[in-house]
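Below is one structure; the comments refer to it alone.
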Amino acid sequence: MTRADHLSPSPVSDWLERFFASYYAHRPVNATFIGVHGHDHQLPDFSDSGAGDTLADMQHLLRESLQLAEEPRSIYERLDLRLAQGFLRTQIWECQSAHFHHGNPSTYIGEAVFGAMSLFLTRFAPLSECVEAAAARMEGVSALLAQAQRNVRRSPLPWTERAVRECVGALAFFTEGVDLLIAADPKVVSRLKPAADRAAVAVAAFRQYLETDLRRATASTYASGEQALVLYFREGHCLNTGAESIAEYAEGELGAASRYLHEHVADFGATDVSGVLARSSAIHPSAGRYYGRYQEVWEEVRETAVANDLLTWPDAPIRYAPRPRWARKAAPHLYFLFYRSPAAFNRPAVHDYFVTPIDSDLPPEEQNRLLALNNDSVIKLNHVIHHGSIGHHVQNWHAFRSRSRIGQIAAVDCASRIAMSCGGTMAEGWACYATDLMNEVGALTPLEQYEEYQARRRMCARAVVDVRLHSGRYTLEQAADYYEQRVGMDHAAAESEAVKNSMFPGAAVIYLSGRDGIQRLRKELSATLGPRWSLRAFHDEFLSYGSIPVALISDEMKRRADGSQ
């Protein structure tokens with residue numbers, strides 16, 4: 001690990017070295033996803049002594065940081081120090097609260113299954129090394145889930161039910177999934193079988209605990225509390241706006257998007273919004289062209305971005321491939337992403353993007369159902385623009401080259417969320433903004449433009465629910481009703497979204513806060529710089545900071561623009 005600024009050691013850079021060493025040691029599965037492989041044989045330790053050591057280590061690091069004798073020597077040291085302190089403050093709250101490893105069984109099952117899965121999602125080392133590490137982690141599943149049973153004595157029922165579903169996925173991976181891995185390379189991978197069998201026994205026992213003891217011991221609240229919510233906003237996202245002000249702004253924007261949708265229904269010859277949105281499902285490739293369609297659209301988006309000089313397009317190839325067979329039975333029950341951020345370090349030359357498999361041996365009606373769900377609009381807006389090209393993938397490439405060390409890793413996807421919450425407004429804000437950008441240059445059809453107003457309704461609703469659920473103004477049922485009534489989600493999707501919001505306070509505002517923050521910054525700087533304004537230069541400079549809060553980048557870029565006058 002090299003120092004981002006290539007400077008001789010300083011008190012701040014030395015402290016940052018200790019901070020990162022502590023981060024990786026206490027979060028070994030995160031470290032694997034990030035590409036730091038010194039802890040690949042380990043799972044996190046949530047025992048009383050392990051959790052106590054983690055908490056004490058973070059408290060000590062925070063005290064040390066507040067007593068540093070010298071100021072940071074660069075803006076990147078200053079930003080990293082600020083963000084690391086904020087991360088420690090939010091993590092100290094998490095360690096002491098009942099919201100995560102004291103109250104949410106999903107915390108454990110996610111680490112257990114992705115601890116092993118993470119070692120096979122990309123090829124960063126010889127297969128034999130990945131197998132040895134995965135086997136060691138599988139052997140540790142029993143101890144980790146025993147810690148879960150000791151620590152989680154009460155939990156909201158929907159959290160318990162989600163953990164039960166994740167156990168189904170974990171069991172599928174540790175049985176059928178591992179068998180498929182072994183079949184692909186029996187000489188190397190057979191070492192996994194006994195370890196996977198023991199992990200499966202532990203998961204089955206944990207599922208039994210969830211379905212009996214924990215289902216009877218339900219917690220009545222899902223809210224983190226307004227004080228914790230403000231902590232995430234201030235220390236994670238660097239937002240100085242009050243929580244309810246964010247919700248009020250989001251409600252106003254949701255109303256504006258809804259009005260647009262209703263006012264333009266007739267443009268498509270439909271009678272209601274749902275009738276317009278349903279039309280996309282009929283526009284899809286044939287089964288024979290399905291996989292190739294992803295790469296075709298990717299090339300079209302790249303060519304459009306380059307032709308319009310939008311930004312520096314990286315040499316970062318992506319390969320759209322069907323979800324691996326070893327993951328197919330498990331994935332629907334887990335946080336198994338189509339696009340998972342490449343590792344910040346030690347990543348392969350080509351990144352795999354795992355799409356919904358549509359095999360030729362499926363019945364024709366099932367092929368058609370899947371093709372309708374993965375239609376041209378979904379491929380372009382979600383899998384290419386938002387995730388696989390100008391959105392997340394291009395932003396990640398720039399982030400990995402940032403001089404901010406936290407900016408390099410914060411938005412890497414881990415077992416249940418990104419590595420640090422401070423990466424959220426950039427990662428999701430930029431991906432949403434990227435769709436706006438492609439619309440500006442004519443890359444979206446009228447129907448796709450219309451769908452983007454529906455997407456905006458959804459991101460606004462997420463911000464409202466985030467604030468009002470965790471401040472105690474909405475129950476979980478009211479949050480789901482809000483999604484149904486204001487966004488048009490079906491009941492199952494609304495419930496799932498509300499449960500996810502309840503588990504991760506402060507995480508659902510990042511889409512709207514990030515996207516609108518970028519748009520405001522662009523407007524301000526174009527006015528400030530006048531004839532010196534360049535859209536490509538703006539995007540390249542903005543992305544160069546890495547995955548850190550949009551609010552902090554805005555402050556830095558406005559300060560630089562004012563100084564250049």
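Quick note on naming: the chains in the structure tokens go A, B, ... in the order shown, residues restart at 1 in each chain, and ligands are numbered from 1 in order of appearance.
Look at Arg150 (chain A): the protein and nucleic acid residues within 10 Å of it, using only C-alpha atoms and passing over chain neighbours fewer than 5 places away, are A:Phe46, A:Ser47, A:Asp48, A:His102, A:Leu145.
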Checklist entry - What are the DSSP strand (DSSP E) residues of region 182-341 of chain A, as a ChimeraX atom specification? => result /A:318-322
Item to check | Nearest to Ala136 (chain A) by atom-to-atom distance, counting only C-alpha atoms, from A:Asp466, A:Glu111, A:Glu64, A:Asp40 | outcome: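 The shortest atom-to-atom distance to Ala136 (chain A) comes from A:Asp40.
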Checklist entry - Excluding same-chain residues fewer than 2 positions from region 411-425 of chain A, what lies within 9 Å of it counting only C-alpha atoms, as a PyMOL selection string? => result chain A and resi 29-34+83+86-87+106-107+110-115+118+232+235-238+335-337+340-344+396+399+406-409+427-430+504+506-507+509-515+517+546-551
Next on the checklist: Using only C-alpha atoms, can you tell me which of A:Val36, A:Leu180, A:Ile92, A:Ala508 comes closest to Ala125 (chain A)?
Outcome noted: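 Looking only at the distances to Ala125 (chain A), the closest residue turns out to be A:Val36.
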Checklist entry - So which one's closest to Ala330 (chain A), A:Glu440, A:Glu176, A:Glu365, A:Glu497? Using only C-alpha atoms, please. => result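 That would be A:Glu176, the residue with the smallest distance to Ala330 (chain A).
Of the residues under consideration (A:Phe100, A:Tyr433, A:Trp15, A:Tyr474), A:Tyr433 shows the shortest atom-to-atom contact distance to Gln519 (chain A) when counting only C-alpha atoms.
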List the neighbours of Gly225 (chain A) out to 12 Å using only C-alpha atoms; skip same-chain residues closer than 3 positions along the sequence, and give me the result as a PDB file with N, CA and C atoms, in the first residue's frame.
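Final file, out_18.pdb:
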ATOM      1  N   TRP A  93     -20.793   4.522  17.160  1.00  0.00           N
ATOM      2  CA  TRP A  93     -22.224   4.465  17.469  1.00  0.00           C
ATOM      3  C   TRP A  93     -22.775   3.088  17.124  1.00  0.00           C
ATOM      4  N   SER A  97     -24.744   0.460  19.640  1.00  0.00           N
ATOM      5  CA  SER A  97     -26.192   0.487  19.461  1.00  0.00           C
ATOM      6  C   SER A  97     -26.743  -0.922  19.335  1.00  0.00           C
ATOM      7  N   ALA A  98     -28.048  -1.027  19.300  1.00  0.00           N
ATOM      8  CA  ALA A  98     -28.716  -2.312  19.082  1.00  0.00           C
ATOM      9  C   ALA A  98     -29.113  -2.492  17.630  1.00  0.00           C
ATOM     10  N   HIS A  99     -28.565  -1.664  16.739  1.00  0.00           N
ATOM     11  CA  HIS A  99     -29.056  -1.642  15.364  1.00  0.00           C
ATOM     12  C   HIS A  99     -28.334  -2.616  14.448  1.00  0.00           C
ATOM     13  N   THR A 221     -39.060  -1.617  17.458  1.00  0.00           N
ATOM     14  CA  THR A 221     -38.669  -0.412  16.728  1.00  0.00           C
ATOM     15  C   THR A 221     -37.608  -0.722  15.681  1.00  0.00           C
ATOM     16  N   TYR A 222     -37.683   0.025  14.586  1.00  0.00           N
ATOM     17  CA  TYR A 222     -36.706  -0.082  13.509  1.00  0.00           C
ATOM     18  C   TYR A 222     -35.854   1.182  13.413  1.00  0.00           C
ATOM     19  N   ALA A 228     -28.896   9.682  15.803  1.00  0.00           N
ATOM     20  CA  ALA A 228     -28.016   8.838  14.993  1.00  0.00           C
ATOM     21  C   ALA A 228     -28.119   9.203  13.520  1.00  0.00           C
ATOM     22  N   LEU A 229     -29.336   9.504  13.066  1.00  0.00           N
ATOM     23  CA  LEU A 229     -29.525   9.883  11.670  1.00  0.00           C
ATOM     24  C   LEU A 229     -28.708  11.125  11.332  1.00  0.00           C
ATOM     25  N   VAL A 230     -28.765  12.105  12.198  1.00  0.00           N
ATOM     26  CA  VAL A 230     -27.990  13.333  11.984  1.00  0.00           C
ATOM     27  C   VAL A 230     -26.499  13.035  11.996  1.00  0.00           C
ATOM     28  N   LEU A 231     -26.083  12.079  12.836  1.00  0.00           N
ATOM     29  CA  LEU A 231     -24.671  11.683  12.871  1.00  0.00           C
ATOM     30  C   LEU A 231     -24.233  11.149  11.505  1.00  0.00           C
ATOM     31  N   TYR A 232     -25.046  10.296  10.898  1.00  0.00           N
ATOM     32  CA  TYR A 232     -24.713   9.780   9.566  1.00  0.00           C
ATOM     33  C   TYR A 232     -24.677  10.909   8.536  1.00  0.00           C
ATOM     34  N   ALA A 243     -32.331  17.142   9.006  1.00  0.00           N
ATOM     35  CA  ALA A 243     -32.936  15.940   8.451  1.00  0.00           C
ATOM     36  C   ALA A 243     -34.315  16.222   7.858  1.00  0.00           C
ATOM     37  N   ASP A 466     -36.231   7.509   4.506  1.00  0.00           N
ATOM     38  CA  ASP A 466     -35.016   7.437   5.323  1.00  0.00           C
ATOM     39  C   ASP A 466     -35.133   8.351   6.539  1.00  0.00           C
ATOM     40  N   VAL A 467     -35.498   9.590   6.292  1.00  0.00           N
ATOM     41  CA  VAL A 467     -35.589  10.571   7.376  1.00  0.00           C
ATOM     42  C   VAL A 467     -36.736  10.234   8.326  1.00  0.00           C
ATOM     43  N   ARG A 468     -37.897   9.991   7.796  1.00  0.00           N
ATOM     44  CA  ARG A 468     -39.082   9.878   8.658  1.00  0.00           C
ATOM     45  C   ARG A 468     -39.193   8.521   9.338  1.00  0.00           C
ATOM     46  N   LEU A 469     -38.610   7.502   8.750  1.00  0.00           N
ATOM     47  CA  LEU A 469     -38.579   6.206   9.419  1.00  0.00           C
ATOM     48  C   LEU A 469     -37.622   6.250  10.607  1.00  0.00           C
ATOM     49  N   HIS A 470     -36.431   6.775  10.396  1.00  0.00           N
ATOM     50  CA  HIS A 470     -35.432   6.738  11.468  1.00  0.00           C
ATOM     51  C   HIS A 470     -35.608   7.840  12.507  1.00  0.00           C
ATOM     52  N   SER A 471     -36.375   8.854  12.185  1.00  0.00           N
ATOM     53  CA  SER A 471     -36.703   9.854  13.204  1.00  0.00           C
ATOM     54  C   SER A 471     -37.960   9.470  13.980  1.00  0.00           C
ATOM     55  N   GLY A 472     -38.568   8.333  13.624  1.00  0.00           N
ATOM     56  CA  GLY A 472     -39.714   7.827  14.366  1.00  0.00           C
ATOM     57  C   GLY A 472     -41.056   8.348  13.904  1.00  0.00           C
ATOM     58  N   ARG A 473     -41.097   9.071  12.798  1.00  0.00           N
ATOM     59  CA  ARG A 473     -42.367   9.613  12.311  1.00  0.00           C
ATOM     60  C   ARG A 473     -43.161   8.609  11.493  1.00  0.00           C
ATOM     61  N   TYR A 474     -42.475   7.642  10.868  1.00  0.00           N
ATOM     62  CA  TYR A 474     -43.151   6.590  10.112  1.00  0.00           C
ATOM     63  C   TYR A 474     -42.871   5.244  10.774  1.00  0.00           C
ATOM     64  N   SER A 502     -34.826   0.531   6.703  1.00  0.00           N
ATOM     65  CA  SER A 502     -34.796   0.462   8.165  1.00  0.00           C
ATOM     66  C   SER A 502     -33.474  -0.089   8.685  1.00  0.00           C
ATOM     67  N   PHE A 504     -30.417   0.303   7.374  1.00  0.00           N
ATOM     68  CA  PHE A 504     -29.238   1.129   7.140  1.00  0.00           C
ATOM     69  C   PHE A 504     -29.592   2.612   7.224  1.00  0.00           C
ATOM     70  N   PRO A 505     -29.619   3.163   8.424  1.00  0.00           N
ATOM     71  CA  PRO A 505     -30.008   4.575   8.568  1.00  0.00           C
ATOM     72  C   PRO A 505     -29.091   5.508   7.796  1.00  0.00           C
ATOM     73  N   GLY A 506     -29.698   6.516   7.168  1.00  0.00           N
ATOM     74  CA  GLY A 506     -28.924   7.520   6.452  1.00  0.00           C
ATOM     75  C   GLY A 506     -28.445   7.097   5.083  1.00  0.00           C
TER      76      GLY A 506
END
Item to check | Contacts of Gly275 (chain A) within 12 Å, only C-alpha atoms, excl. fewer than 4 positions in-chain, as a count of residues only | outcome: 17
Checklist entry - Hey, what does DSSP flag as helix (DSSP H, G or I) within region 347-493 of chain A? Can you give it to me as number ranges by chain? => result A: 364-373, 376-388, 392-400, 405-409, 421-440, 446-470, 476-487, 491-493
Checklist entry - If we count only C-alpha atoms, what is near region 254-260 of chain A at a cut-off of 12 Å, once residues fewer than 2 positions away on the same chain are taken out, given as a ChimeraX atom specification? => result /A:247-252,262-267,272-273,449-464,482-483,485-488,512
Please produce a file of the residues just selected, as an mmCIF file, in the first residue's frame, where the atoms kept are C-alpha atoms.
data_model
loop_
_atom_site.group_PDB
_atom_site.id
_atom_site.type_symbol
_atom_site.label_atom_id
_atom_site.label_comp_id
_atom_site.auth_asym_id
_atom_site.auth_seq_id
_atom_site.Cartn_x
_atom_site.Cartn_y
_atom_site.Cartn_z
ATOM 1 C CA ALA A 247 -37.340 15.243 3.636
ATOM 2 C CA GLU A 248 -39.307 18.386 2.793
ATOM 3 C CA TYR A 249 -37.086 19.111 -0.209
ATOM 4 C CA ALA A 250 -37.469 15.502 -1.367
ATOM 5 C CA GLU A 251 -41.251 15.666 -1.063
ATOM 6 C CA GLY A 252 -41.338 18.815 -3.187
ATOM 7 C CA HIS A 262 -49.273 12.580 -15.126
ATOM 8 C CA GLU A 263 -49.141 15.547 -17.505
ATOM 9 C CA HIS A 264 -47.345 13.513 -20.203
ATOM 10 C CA VAL A 265 -49.352 10.282 -20.120
ATOM 11 C CA ALA A 266 -51.220 11.331 -23.241
ATOM 12 C CA ASP A 267 -47.959 11.762 -25.162
ATOM 13 C CA ASP A 272 -52.289 6.346 -16.768
ATOM 14 C CA VAL A 273 -48.633 6.321 -15.674
ATOM 15 C CA GLN A 449 -36.810 9.901 -20.639
ATOM 16 C CA TYR A 450 -40.267 9.358 -19.174
ATOM 17 C CA GLU A 451 -39.006 6.415 -17.127
ATOM 18 C CA GLU A 452 -36.327 8.625 -15.632
ATOM 19 C CA TYR A 453 -39.010 10.763 -14.010
ATOM 20 C CA GLN A 454 -40.305 7.593 -12.384
ATOM 21 C CA ALA A 455 -36.766 6.855 -11.201
ATOM 22 C CA ARG A 456 -36.606 10.364 -9.746
ATOM 23 C CA ARG A 457 -39.859 9.779 -7.868
ATOM 24 C CA ARG A 458 -38.290 6.672 -6.373
ATOM 25 C CA MET A 459 -35.081 8.392 -5.294
ATOM 26 C CA CYS A 460 -37.062 11.240 -3.713
ATOM 27 C CA ALA A 461 -39.291 8.788 -1.853
ATOM 28 C CA ARG A 462 -36.232 6.984 -0.523
ATOM 29 C CA ALA A 463 -34.969 10.206 1.041
ATOM 30 C CA VAL A 464 -38.348 10.935 2.645
ATOM 31 C CA TYR A 482 -45.729 5.684 1.176
ATOM 32 C CA TYR A 483 -43.853 3.793 -1.538
ATOM 33 C CA GLN A 485 -49.113 5.393 -2.839
ATOM 34 C CA ARG A 486 -46.545 7.967 -3.939
ATOM 35 C CA VAL A 487 -44.320 5.915 -6.261
ATOM 36 C CA GLY A 488 -46.637 3.153 -7.454
ATOM 37 C CA LEU A 512 -31.041 12.492 -4.309
#
Got a sec: who's within 7 Å of region 322-326 of chain A, counting only C-alpha atoms, leaving out chain neighbours fewer than 2 positions off, as a PDB file with C-alpha atoms, in the first residue's frame?
ATOM      1  CA  GLY A 177     -22.859 -23.951  -5.284  1.00  0.00           C
ATOM      2  CA  VAL A 178     -19.722 -25.541  -3.856  1.00  0.00           C
ATOM      3  CA  LEU A 180     -20.553 -26.829  -8.959  1.00  0.00           C
ATOM      4  CA  LEU A 181     -17.272 -25.120  -8.108  1.00  0.00           C
ATOM      5  CA  ARG A 328     -27.542 -19.055  -9.471  1.00  0.00           C
ATOM      6  CA  PHE A 354     -23.131 -10.826 -14.038  1.00  0.00           C
ATOM      7  CA  VAL A 355     -26.486 -10.567 -15.810  1.00  0.00           C
ATOM      8  CA  THR A 356     -29.664 -12.597 -15.452  1.00  0.00           C
ATOM      9  CA  PRO A 357     -29.076 -15.926 -17.211  1.00  0.00           C
TER      10      PRO A 357
END
Next on the checklist: To one decimal place in Å, what is the distance between CA of Gly50 (chain A) and CA of Pro28 (chain A)?
Outcome noted: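 Interatomic distance, CA of Gly50 (chain A) to CA of Pro28 (chain A): 12.9 Å.
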Next on the checklist: For a quick check of understanding, using only C-alpha atoms, which of A:Arg559, A:Lys187, A:Arg405, A:His26 has the smallest distance to Pro44 (chain A)?
Outcome noted: A:His26
Next on the checklist: Using Å and a single decimal, report how far CA of Asp516 (chain A) sits from CA of Asp376 (chain A).
Outcome noted: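 It comes out at 26.5 Å.
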